[in-house]
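Reproduced below: upload-v5.txt, with compact mmCIF, C-alpha atoms.
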```txt
# COMPACT_ATOMS: atom_id res chain seq x y z
CA MET G 1 115.67 68.17 101.30
CA GLY G 2 115.35 68.11 97.50
CA ILE G 3 116.86 70.81 95.32
CA ASN G 4 113.42 72.08 94.33
CA ASN G 5 112.27 72.38 97.93
CA PHE G 6 115.50 74.09 98.93
CA GLY G 7 115.10 76.56 96.10
CA ARG G 8 111.61 77.53 97.26
CA ILE G 9 113.05 78.95 100.47
CA PHE G 10 114.83 81.63 98.47
CA MET G 11 112.07 82.32 95.97
CA PRO G 12 110.73 85.86 96.27
CA LYS G 13 107.10 86.04 97.32
CA ASN G 14 106.52 89.28 95.44
CA LYS G 15 102.79 88.89 95.21
CA ILE G 16 102.15 88.90 98.94
CA PHE G 17 103.73 92.34 99.40
CA TYR G 18 101.85 93.83 96.45
CA GLU G 19 98.58 92.33 97.64
CA LEU G 20 99.06 93.64 101.17
CA PHE G 21 100.01 97.13 100.02
CA GLU G 22 97.02 97.22 97.68
CA GLN G 23 94.71 96.14 100.51
CA VAL G 24 96.14 98.84 102.78
CA ALA G 25 95.80 101.53 100.09
CA GLU G 26 92.20 100.50 99.39
CA THR G 27 91.38 100.62 103.10
CA VAL G 28 92.95 104.07 103.41
CA GLU G 29 90.94 105.31 100.44
CA GLU G 30 87.75 103.98 101.98
CA MET G 31 88.56 105.74 105.25
CA GLY G 32 89.07 109.00 103.36
CA PHE G 33 85.77 108.61 101.56
CA ILE G 34 83.89 107.90 104.80
CA LEU G 35 85.52 110.90 106.51
CA LYS G 36 84.32 113.10 103.66
CA ARG G 37 80.78 111.73 104.04
CA SER G 38 80.96 112.12 107.80
CA VAL G 39 81.80 115.83 107.84
CA ALA G 40 79.00 116.49 105.34
CA GLU G 41 76.48 114.79 107.64
CA SER G 42 74.50 117.04 109.96
CA ASP G 43 73.05 114.21 112.06
CA ALA G 44 75.36 113.53 115.03
CA ASP G 45 74.16 109.93 115.39
CA LYS G 46 74.97 109.18 111.77
CA ARG G 47 78.39 110.76 112.22
CA LEU G 48 78.98 108.37 115.11
CA GLN G 49 78.16 105.47 112.79
CA PHE G 50 80.68 106.78 110.27
CA ALA G 51 83.23 107.13 113.08
CA LYS G 52 82.72 103.47 114.01
CA GLN G 53 83.27 102.46 110.38
CA ILE G 54 86.50 104.46 110.28
CA GLU G 55 87.65 102.85 113.53
CA ASP G 56 86.96 99.36 112.19
CA LEU G 57 88.86 100.14 108.99
CA GLU G 58 91.79 101.53 110.99
CA HIS G 59 91.99 98.27 112.94
CA ARG G 60 91.83 96.32 109.67
CA ASN G 61 94.63 98.47 108.32
CA ASP G 62 96.73 97.75 111.41
CA ASP G 63 96.31 94.03 110.72
CA HIS G 64 97.44 94.45 107.10
CA THR G 65 100.42 96.55 108.16
CA HIS G 66 101.41 93.95 110.75
CA LYS G 67 101.28 91.29 108.04
CA VAL G 68 103.63 93.37 105.89
CA PHE G 69 106.17 93.48 108.73
CA THR G 70 105.70 89.76 109.39
CA GLU G 71 106.34 88.92 105.74
CA LEU G 72 109.32 91.25 105.73
CA GLY G 73 110.91 89.23 108.52
CA ARG G 74 109.94 85.92 106.94
CA ASN G 75 111.09 86.43 103.35
CA PHE G 76 114.75 86.38 102.39
CA ILE G 77 114.10 88.05 99.02
CA THR G 78 111.73 90.98 98.60
CA PRO G 79 110.39 92.78 95.49
CA PHE G 80 112.25 95.97 96.43
CA ASP G 81 114.47 97.21 99.26
CA ARG G 82 113.39 96.09 102.71
CA GLU G 83 113.86 99.65 103.92
CA ASP G 84 111.48 100.95 101.25
CA ILE G 85 108.91 98.30 102.15
CA HIS G 86 109.12 99.39 105.78
CA TYR G 87 108.86 103.09 104.88
CA LEU G 88 105.87 102.56 102.59
CA ALA G 89 104.01 100.42 105.12
CA THR G 90 104.65 103.00 107.85
CA SER G 91 103.64 105.99 105.72
CA LEU G 92 100.38 104.35 104.61
CA ASP G 93 99.62 103.42 108.20
CA ASP G 94 100.24 107.03 109.24
CA ILE G 95 97.59 108.26 106.78
CA ALA G 96 95.05 105.88 108.32
CA ASP G 97 96.05 106.93 111.84
CA TYR G 98 95.49 110.62 111.15
CA ILE G 99 92.16 110.04 109.42
CA PHE G 100 91.08 108.04 112.46
CA SER G 101 92.39 110.77 114.77
CA THR G 102 90.41 113.39 112.83
CA SER G 103 87.22 111.37 113.16
CA LYS G 104 87.77 110.83 116.89
CA LYS G 105 88.44 114.48 117.62
CA ILE G 106 85.40 115.69 115.67
CA ASN G 107 83.13 113.41 117.66
CA PHE G 108 84.88 113.83 121.00
CA TYR G 109 84.72 117.62 120.78
CA HIS G 110 81.18 117.60 119.33
CA VAL G 111 82.30 120.06 116.69
CA ASN G 112 79.82 121.33 114.12
CA THR G 113 81.28 120.06 110.85
CA ASN G 114 79.30 122.57 108.79
CA ASP G 115 82.58 124.39 108.44
CA THR G 116 84.23 125.29 105.14
CA GLY G 117 87.72 124.49 106.38
CA ILE G 118 86.83 121.06 107.74
CA GLN G 119 84.82 120.08 104.69
CA LYS G 120 87.43 121.29 102.20
CA MET G 121 90.21 119.57 104.12
CA ALA G 122 88.21 116.31 104.18
CA GLU G 123 87.77 116.58 100.42
CA LEU G 124 91.52 117.00 99.94
CA ILE G 125 92.28 114.04 102.22
CA CYS G 126 89.86 111.92 100.21
CA GLN G 127 91.48 112.99 96.93
CA GLY G 128 94.96 112.32 98.28
CA CYS G 129 94.02 108.81 99.40
CA THR G 130 92.60 108.03 95.96
CA GLU G 131 95.78 109.16 94.21
CA ILE G 132 97.92 107.15 96.64
CA LYS G 133 95.85 104.06 95.85
CA LYS G 134 96.44 104.58 92.12
CA ALA G 135 100.19 104.84 92.66
CA VAL G 136 100.34 101.79 94.94
CA HIS G 137 98.45 99.66 92.42
CA GLY G 138 101.03 100.65 89.81
CA LEU G 139 103.88 99.16 91.85
CA ARG G 140 103.00 95.58 90.92
CA ASP G 141 104.40 95.80 87.38
CA MET G 142 105.37 99.48 86.94
CA LYS G 143 104.11 99.38 83.37
CA ASP G 144 102.22 102.68 83.51
CA LEU G 145 104.79 105.02 85.00
CA ARG G 146 103.03 108.03 83.53
CA LYS G 147 99.84 107.24 85.45
CA MET G 148 101.81 106.65 88.65
CA THR G 149 103.76 109.87 88.24
CA GLU G 150 100.60 111.87 87.56
CA ALA G 151 99.08 110.48 90.77
CA LEU G 152 102.16 111.45 92.77
CA VAL G 153 102.20 114.96 91.32
CA LYS G 154 98.53 115.34 92.26
CA VAL G 155 99.31 114.28 95.84
CA ASN G 156 101.94 117.00 96.08
CA SER G 157 99.48 119.54 94.68
CA ILE G 158 96.81 118.41 97.15
CA GLU G 159 99.23 118.85 100.05
CA ASN G 160 100.00 122.40 98.90
CA GLN G 161 96.28 123.16 98.65
CA ALA G 162 95.78 121.76 102.15
CA ASP G 163 98.44 124.14 103.49
CA ASP G 164 96.55 127.06 101.96
CA VAL G 165 93.19 125.85 103.30
CA PHE G 166 94.74 125.41 106.75
CA ASP G 167 96.19 128.92 106.80
CA LEU G 168 92.96 130.50 105.58
CA SER G 169 90.86 128.45 108.01
CA ILE G 170 92.98 129.52 110.97
CA GLU G 171 92.75 133.13 109.87
CA MET G 172 88.95 132.96 109.54
CA LEU G 173 88.66 131.10 112.83
CA PHE G 174 90.37 133.86 114.79
CA GLN G 175 88.39 136.53 112.98
CA GLN G 176 84.93 135.02 113.33
CA GLU G 177 84.89 132.72 116.38
CA ASN G 178 84.45 134.39 119.78
CA ASP G 179 84.28 131.20 121.85
CA PHE G 180 87.90 130.39 122.76
CA LYS G 181 86.96 126.74 123.39
CA GLU G 182 85.72 126.40 119.81
CA VAL G 183 88.89 128.07 118.57
CA ILE G 184 91.02 125.48 120.38
CA LYS G 185 88.89 122.55 119.18
CA LYS G 186 88.75 123.55 115.53
CA ARG G 187 92.39 124.57 115.39
CA GLU G 188 93.39 121.12 116.63
CA ILE G 189 91.15 119.43 114.07
CA TYR G 190 92.55 121.57 111.24
CA GLN G 191 96.05 120.60 112.34
CA VAL G 192 95.35 116.87 112.38
CA MET G 193 93.66 117.02 108.97
CA GLU G 194 96.56 118.97 107.50
CA ILE G 195 98.99 116.37 108.86
CA ALA G 196 96.94 113.66 107.12
CA THR G 197 97.69 115.34 103.79
CA ASP G 198 101.36 115.58 104.80
CA LYS G 199 101.34 111.83 105.35
CA CYS G 200 99.89 111.31 101.88
CA GLU G 201 102.82 113.29 100.52
CA ASP G 202 105.24 111.18 102.59
CA ALA G 203 103.80 108.01 101.04
CA ALA G 204 104.06 109.59 97.58
CA ASN G 205 107.73 110.39 98.20
CA VAL G 206 108.44 106.77 99.16
CA ILE G 207 106.72 105.51 96.01
CA GLU G 208 108.66 108.01 93.91
CA SER G 209 111.90 106.72 95.44
CA ILE G 210 110.94 103.14 94.56
CA ILE G 211 110.15 104.16 90.98
CA ILE G 212 113.52 105.86 90.60
CA LYS G 213 115.35 102.78 91.88
CA TYR G 214 113.47 100.04 90.05
CA ALA G 215 111.56 101.39 87.04
```
As structure tokens:
Amino acid sequence: MGINNFGRIFMPKNKIFYELFEQVAETVEEMGFILKRSVAESDADKRLQFAKQIEDLEHRNDDHTHKVFTELGRNFITPFDREDIHYLATSLDDIADYIFSTSKKINFYHVNTNDTGIQKMAELICQGCTEIKKAVHGLRDMKDLRKMTEALVKVNSIENQADDVFDLSIEMLFQQENDFKEVIKKREIYQVMEIATDKCEDAANVIESIIIKYA
């Protein structure tokens, strides 16, 4: 084996990780956008179509995440700590999982999404996904740390807002809903949506850790 060929084995394939993370973040943002459109749609059949789109995107995201783990095992040198790569891939995948779970529960329970809590929470999830995408795209060169930091701060703010919306929604639910089945259904949906915003914050925390280590 020539020296040049031997050297290639140990060359970092930085681009593949950045490309995969960017693809995952873009998929997650698209899922958040479709969820927002879905809960604003009054037609149940159209909501089912949106749910199918979210499911397809979740499967696509699983493929991207699997590729990240495959590349992690294949490459000797990585752009940042292997542990951070694993944490970021997992946290982004968790966001997608909880968006998908929200969509499934809404359709499985046949819940009327003309609900302030559900619609506001979907808006916050969508916003959080967009900010996460901005931060992930900044990882490639870390030249605009201010933009990345602003995105991460917004994610934290969004998560705090989601906590408030969740608390208020639960309060209103117990005050206004007399059907205990609806109470159980909506409470579960609120919980899953709130966790989705928690997962956005988890991803933001991982990105912040990477910035501190490598910027």
Separation of atom CA of Arg60 of chain G from atom CA of Ile95 of chain G, in Å and rounded to one decimal: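 Here the two named atoms are 13.6 Å from each other.
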Residue with smallest distance to Arg187 of chain G - pool G:Asn114, G:Ile106, G:Asp45, G:Gly128, counting all atoms listed in the file: G:Ile106
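Interatomic distance, atom CA of Val39 of chain G to atom CA of Leu152 of chain G: 25.7 Å.
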Long-range neighbours of Gly138 of chain G as an MDAnalysis selection string, 9 Å cut-off, all atoms listed in the file, 6 positions minimum in chain: chainID G and resid 144:145 147:148
Keeping C-alpha atoms for every residue in the selection just given, could you write it to a file as a compact mmCIF listing (two decimals), in the coordinates of the input?
```txt
# COMPACT_ATOMS: atom_id res chain seq x y z
CA ASP G 144 102.22 102.68 83.51
CA LEU G 145 104.79 105.02 85.00
CA LYS G 147 99.84 107.24 85.45
CA MET G 148 101.81 106.65 88.65
```
May I have the centre and edge lengths, in Å to one decimal, of an axis-aligned box around the listed atoms of segment 160-176 of chain G with 3 Å added to every side, as lines of an AutoDock Vina configuration file?
```
center_x = 92.5
center_y = 129.1
center_z = 106.7
size_x = 21.1
size_y = 20.8
size_z = 22.1
```
Using all atoms listed in the file, find each residue in segment 152-205 of chain G having at least one atom no more than 12 Å away from segment 17-37 of chain G; report its shortest atom-to-atom pair and that distance in Å (one decimal), rows by chain then rising number, as JSON lines.
```
{"residue": "G:Met193", "atom": "CA", "partner": "G:Leu35", "partner_atom": "CA", "distance": 10.5}
{"residue": "G:Ala196", "atom": "CA", "partner": "G:Gly32", "partner_atom": "CA", "distance": 9.9}
{"residue": "G:Thr197", "atom": "CA", "partner": "G:Gly32", "partner_atom": "CA", "distance": 10.7}
{"residue": "G:Lys199", "atom": "CA", "partner": "G:Val28", "partner_atom": "CA", "distance": 11.6}
{"residue": "G:Cys200", "atom": "CA", "partner": "G:Val28", "partner_atom": "CA", "distance": 10.1}
{"residue": "G:Ala203", "atom": "CA", "partner": "G:Ala25", "partner_atom": "CA", "distance": 10.3}
{"residue": "G:Ala204", "atom": "CA", "partner": "G:Ala25", "partner_atom": "CA", "distance": 11.8}
```
Atom CA of Val155 of chain G to atom CA of Glu171 of chain G, straight-line distance in Å: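 Taking atom CA of Glu171 of chain G as the start and atom CA of Val155 of chain G as the end point, the length is 24.4 Å.
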G:Ile85, G:Gln175, G:Leu48, G:Val153 ranked by distance to Gly73 of chain G, top pick (using all atoms listed in the file):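 Using all atoms listed in the file, the shortest distance to Gly73 of chain G belongs to G:Ile85.
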Fewer than 2 positions away in the same chain doesn't count, so skip those; otherwise give me all residues within 12 Å of Gln49 of chain G, counting all atoms listed in the file, as a CSV table (one decimal) with C-alpha atoms, in the frame of the given file.
```csv
chain,number,residue,atom,x,y,z
G,34,ILE,CA,83.9,107.9,104.8
G,35,LEU,CA,85.5,110.9,106.5
G,37,ARG,CA,80.8,111.7,104.0
G,38,SER,CA,81.0,112.1,107.8
G,41,GLU,CA,76.5,114.8,107.6
G,43,ASP,CA,73.0,114.2,112.1
G,44,ALA,CA,75.4,113.5,115.0
G,45,ASP,CA,74.2,109.9,115.4
G,46,LYS,CA,75.0,109.2,111.8
G,47,ARG,CA,78.4,110.8,112.2
G,51,ALA,CA,83.2,107.1,113.1
G,52,LYS,CA,82.7,103.5,114.0
G,53,GLN,CA,83.3,102.5,110.4
G,54,ILE,CA,86.5,104.5,110.3
G,55,GLU,CA,87.6,102.8,113.5
G,56,ASP,CA,87.0,99.4,112.2
G,103,SER,CA,87.2,111.4,113.2
G,104,LYS,CA,87.8,110.8,116.9
G,107,ASN,CA,83.1,113.4,117.7
```
Neighbour list for Ser209 of chain G as a list in words, cut-off 12 Å, all atoms listed in the file, skip fewer than 4 positions in-chain: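 My list of contacting residues is Phe80, Asp81, Glu83, Asp84, Ile85, Tyr87, Leu88, Leu139, Thr149, Leu152, Asp202, Ala203, Ala204, Asn205, Lys213, Tyr214 and Ala215 of chain G.
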Surrounding residues of Ser169 of chain G excluding itself and chain neighbours under 2 positions, 8 Å, all atoms listed in the file, as an MDAnalysis selection string: chainID G and resid 116:117 165:167 171:173 190
Selection: 9 Å around Asp163 of chain G, all atoms listed in the file, excl. self and same-chain fewer than 5 positions, as a list of chain:residue names: G:Ile158, G:Leu168, G:Glu194, G:Thr197
Limited to C-alpha atoms, could you put the picked residues into a file as a PDB file, in the frame of the given file?
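So out_22.pdb came out as:
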```pdb
ATOM      1  CA  ILE G 158      96.810 118.410  97.150  1.00  0.00           C
ATOM      2  CA  LEU G 168      92.960 130.500 105.580  1.00  0.00           C
ATOM      3  CA  GLU G 194      96.560 118.970 107.500  1.00  0.00           C
ATOM      4  CA  THR G 197      97.690 115.340 103.790  1.00  0.00           C
TER       5      THR G 197
END
```
